[in-house]
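Worksheet: one structure, shown below.
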Amino acid sequence: MSWNLSPLEWEALRLSLKVAAWATAASLPVGIFIAWLLARRRFVGHGILNGIVHLPLVLPPVVIGYALLILLGRGGLVGGWLYETFGVSLAFTWKGAAVAAAVMAFPLMVRAMRLSLEAVDPGLEQAARTLGASPLRTFTTVTLPLMLPGVITGAVLAFARALGEFGATITFVSNIPGETRTLPLALYTFTQVPGGETSALRLAVLAVVVALIALIASEALARRVRHVTQGGDRD
């Protein structure tokens with residue numbers, strides 16, 4: 001079996017990396033804020049917000065995709081407004097694929113960041129506040145550096161999850177070659193056509209390799225950052 005990728009396979013890989021990168025980058029600031037909110041604040045609706053954030057972990061992906069279609073489709077409540085106001089349509093585009101991937105990966109990102117944030121000693125933040133630092137300065141100079149390993153881990157986990165997203169993507173943006181046919185969708189397509197087994201196997205191996213590289217790089221980077229921020233006394 002040849003391991004040389006065909007143009008269609010390269011296209012699926014390129015699109016997957018693009019969708020996963022945008023999904024991770026766009027959801028990163030929101031993920032940090034939600035993790036901080038859940039870890040450091042108690043408010044009415046805290047449990048509901050926590051449940052909504054983790055909902056994609058327990059719902060079938062096709063349900064998430066259908067909900068996105070209802071909400072963000074051109075005739076949807078938000079999608080209709082976006083199209084009429086800005087001329088932006090997410091359904092059946094790679095941008096919509098990035099949104100679907102971001103939603104499905106979001107719980108993993110928030111969970112890793114929240115665990116890291118909960119390990120930060122609140123006394124250090126209180127000390128910074130006592131010295132006159134504003135809440136924003138305290139967060140950016142004390143909290144964020146200390147939770148950075150969790151941020152990195154959460155971002156890479158989200159990237160790997162976004163790379164493998166299938167159910168919500170195919171429901172929300174369909175399986176359009178060159179536009180929304182990411183690596184998992186291309187693999188599924190190859191399994192449905194005669195003679196496509198070799199391409200499907202190549203893409204499956206490729207998906208495993210890329211995800212594995214991302215996870216190993218995440219662990220190494222998180223260890224390095226932890227070593228720097230904590231003086232190298234913990235690993």
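Residues in the structure tokens are numbered from 1 in each chain, the chains being A, B, ... in the order shown, and ligands are numbered from 1 in the order shown.
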
Skip segment 189-198 of chain A itself and residues of its chain fewer than 3 positions away, then list as a list in words all residues within 12 Å of it, counting only C-alpha atoms.
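The neighbour list is Met1, Ser2, Trp3, Asn4, Leu5, Ser6, Leu8, Glu9, Ala12, Phe166, Ile170, Ser174, Asn175, Ile176, Pro177, Arg181, Thr182, Leu183, Pro184, Leu185, Ala186, Leu201, Arg202, Leu203, Ala204 and Val205 of chain A.
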
Hey, can you spit out that residue selection with C-alpha atoms as an mmCIF file, in the first residue's frame?
```cif
data_model
loop_
_atom_site.group_PDB
_atom_site.id
_atom_site.type_symbol
_atom_site.label_atom_id
_atom_site.label_comp_id
_atom_site.auth_asym_id
_atom_site.auth_seq_id
_atom_site.Cartn_x
_atom_site.Cartn_y
_atom_site.Cartn_z
ATOM 1 C CA MET A 1 0.000 0.000 0.000
ATOM 2 C CA SER A 2 1.326 3.419 -0.968
ATOM 3 C CA TRP A 3 1.497 6.029 1.793
ATOM 4 C CA ASN A 4 1.583 8.936 -0.676
ATOM 5 C CA LEU A 5 -1.481 11.086 -0.080
ATOM 6 C CA SER A 6 -3.710 11.943 -3.017
ATOM 7 C CA LEU A 8 -8.135 14.885 -2.054
ATOM 8 C CA GLU A 9 -6.456 13.506 1.070
ATOM 9 C CA ALA A 12 -8.899 17.042 3.774
ATOM 10 C CA PHE A 166 -17.522 14.334 12.883
ATOM 11 C CA ILE A 170 -21.671 16.709 9.117
ATOM 12 C CA SER A 174 -22.664 18.747 5.543
ATOM 13 C CA ASN A 175 -19.855 16.980 3.647
ATOM 14 C CA ILE A 176 -18.791 19.366 0.879
ATOM 15 C CA PRO A 177 -15.457 18.598 -0.877
ATOM 16 C CA ARG A 181 -14.940 17.761 4.096
ATOM 17 C CA THR A 182 -12.468 17.493 6.935
ATOM 18 C CA LEU A 183 -10.319 14.454 7.606
ATOM 19 C CA PRO A 184 -12.978 12.410 9.500
ATOM 20 C CA LEU A 185 -15.598 13.217 6.866
ATOM 21 C CA ALA A 186 -13.210 12.283 4.066
ATOM 22 C CA LEU A 201 -6.775 3.510 6.160
ATOM 23 C CA ARG A 202 -4.207 6.180 5.262
ATOM 24 C CA LEU A 203 -6.438 8.917 6.718
ATOM 25 C CA ALA A 204 -7.143 6.899 9.869
ATOM 26 C CA VAL A 205 -3.420 6.400 10.492
#
```

Please provide as a list in words all residues within 10 Å of Val30 of chain A, with the sequence filter that same-chain residues fewer than 6 positions apart are discarded (counting only C-alpha atoms).
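Once the adjacent positions are removed, what remains is Trp36, Phe106 and Val110 of chain A.
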
Quick one: write out the picked residues with N, CA, C and O atoms as a short mmCIF file (atom, residue, chain, number, x, y, z; two decimals), in the first residue's frame?
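Contents of selection_27.cif, freshly written:
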```cif
data_model
loop_
_atom_site.label_atom_id
_atom_site.label_comp_id
_atom_site.auth_asym_id
_atom_site.auth_seq_id
_atom_site.Cartn_x
_atom_site.Cartn_y
_atom_site.Cartn_z
N TRP A 36 -12.37 30.56 34.62
CA TRP A 36 -12.20 31.46 35.78
C TRP A 36 -13.53 31.68 36.49
O TRP A 36 -13.60 31.64 37.72
N PHE A 106 -15.05 22.39 23.43
CA PHE A 106 -15.05 23.38 24.51
C PHE A 106 -15.03 22.75 25.92
O PHE A 106 -14.30 23.24 26.79
N VAL A 110 -12.23 23.78 28.83
CA VAL A 110 -12.61 24.43 30.09
C VAL A 110 -12.23 23.55 31.28
O VAL A 110 -11.74 24.05 32.30
#
```

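Remark: for Leu157 of chain A, the closest of the candidate residues A:Ile216, A:Leu136, A:Ile70, A:Val228 is A:Ile216 (distances computed over only C-alpha atoms).
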
Near-segment 139-155 of chain A list (6 Å; only C-alpha atoms; drop same-chain fewer than 6 positions) as a list of chain:residue names:
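Non-adjacent residues within range: A:Met109, A:Ala112, A:Met113, A:Ser116, A:Leu117, A:Ser218, A:Ala222.
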
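Residue nearest Leu28 of chain A, chosen from A:Leu90, A:Ala127, A:Val120, A:Val156 and counting only C-alpha atoms: A:Val156.
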
Which parts of segment 26-225 of chain A does DSSP call alpha helix (DSSP H) when run on the backbone here, written out as a PyMOL selection string?
chain A and resi 26-40+46-58+61-72+77-86+94-118+122-130+135-138+144-146+148-163+167-173+183-191+197-225

Which one of A:Leu57, A:Ala211, A:Met104, A:Leu68 sits closest to Glu165 of chain A if you count only C-alpha atoms?
A:Met104

Pick from A:Ala35, A:Ala128, A:Leu77, A:Ala98: nearest to Lys18 of chain A, with only C-alpha atoms counted?
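Looking at the shortest contact to Lys18 of chain A, the residue is A:Ala98.
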
Can you pull out the residues contacting segment 62-66 of chain A? Cut-off 8 Å, using only C-alpha atoms, and skip same-chain residues under 3 positions away; I want them as a compact mmCIF listing (two decimals) with N, CA, C and O atoms, in the first residue's frame.
```
# COMPACT_ATOMS: atom_id res chain seq x y z
N PRO A 56 -22.04 19.15 25.63
CA PRO A 56 -21.55 18.41 24.45
C PRO A 56 -20.87 17.09 24.78
O PRO A 56 -20.73 16.23 23.90
N LEU A 59 -24.29 14.77 25.19
CA LEU A 59 -25.29 14.73 24.12
C LEU A 59 -24.71 14.08 22.86
O LEU A 59 -23.51 14.22 22.58
N LEU A 69 -27.59 24.12 13.63
CA LEU A 69 -28.29 24.41 12.38
C LEU A 69 -29.53 25.26 12.63
O LEU A 69 -29.82 26.20 11.88
N ILE A 70 -30.27 24.92 13.70
CA ILE A 70 -31.47 25.68 14.04
C ILE A 70 -31.10 27.10 14.48
O ILE A 70 -31.77 28.07 14.11
N ALA A 100 -18.69 24.27 14.91
CA ALA A 100 -19.12 22.95 15.41
C ALA A 100 -17.98 22.26 16.17
O ALA A 100 -18.19 21.69 17.25
N GLY A 167 -19.69 14.16 13.99
CA GLY A 167 -21.16 14.17 14.02
C GLY A 167 -21.79 15.54 13.90
O GLY A 167 -22.68 15.76 13.07
N ALA A 168 -21.33 16.48 14.74
CA ALA A 168 -21.90 17.83 14.69
C ALA A 168 -21.55 18.52 13.38
O ALA A 168 -22.35 19.28 12.83
N THR A 169 -20.33 18.25 12.89
CA THR A 169 -19.88 18.89 11.65
C THR A 169 -20.73 18.48 10.45
O THR A 169 -21.22 19.32 9.70
N ILE A 170 -20.94 17.17 10.30
CA ILE A 170 -21.67 16.71 9.12
C ILE A 170 -23.14 17.13 9.18
O ILE A 170 -23.79 17.33 8.15
N THR A 171 -23.67 17.30 10.41
CA THR A 171 -25.06 17.74 10.55
C THR A 171 -25.20 19.23 10.25
O THR A 171 -26.16 19.66 9.62
N PHE A 172 -24.23 20.01 10.70
CA PHE A 172 -24.34 21.47 10.58
C PHE A 172 -23.87 21.99 9.23
O PHE A 172 -24.47 22.89 8.65
```

Find the distance between atom CA of Val53 of chain A and atom CA of Leu215 of chain A and write it in Å to one decimal.
22.5 Å

Go through A:Ser199, A:Gln126, A:Thr138, A:Thr93 one by one, measure the shortest atom-to-atom distance of each to Leu15 of chain A using only C-alpha atoms, and give the residue with the smallest value.
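Of the candidates, the smallest distance to Leu15 of chain A is held by A:Thr93.
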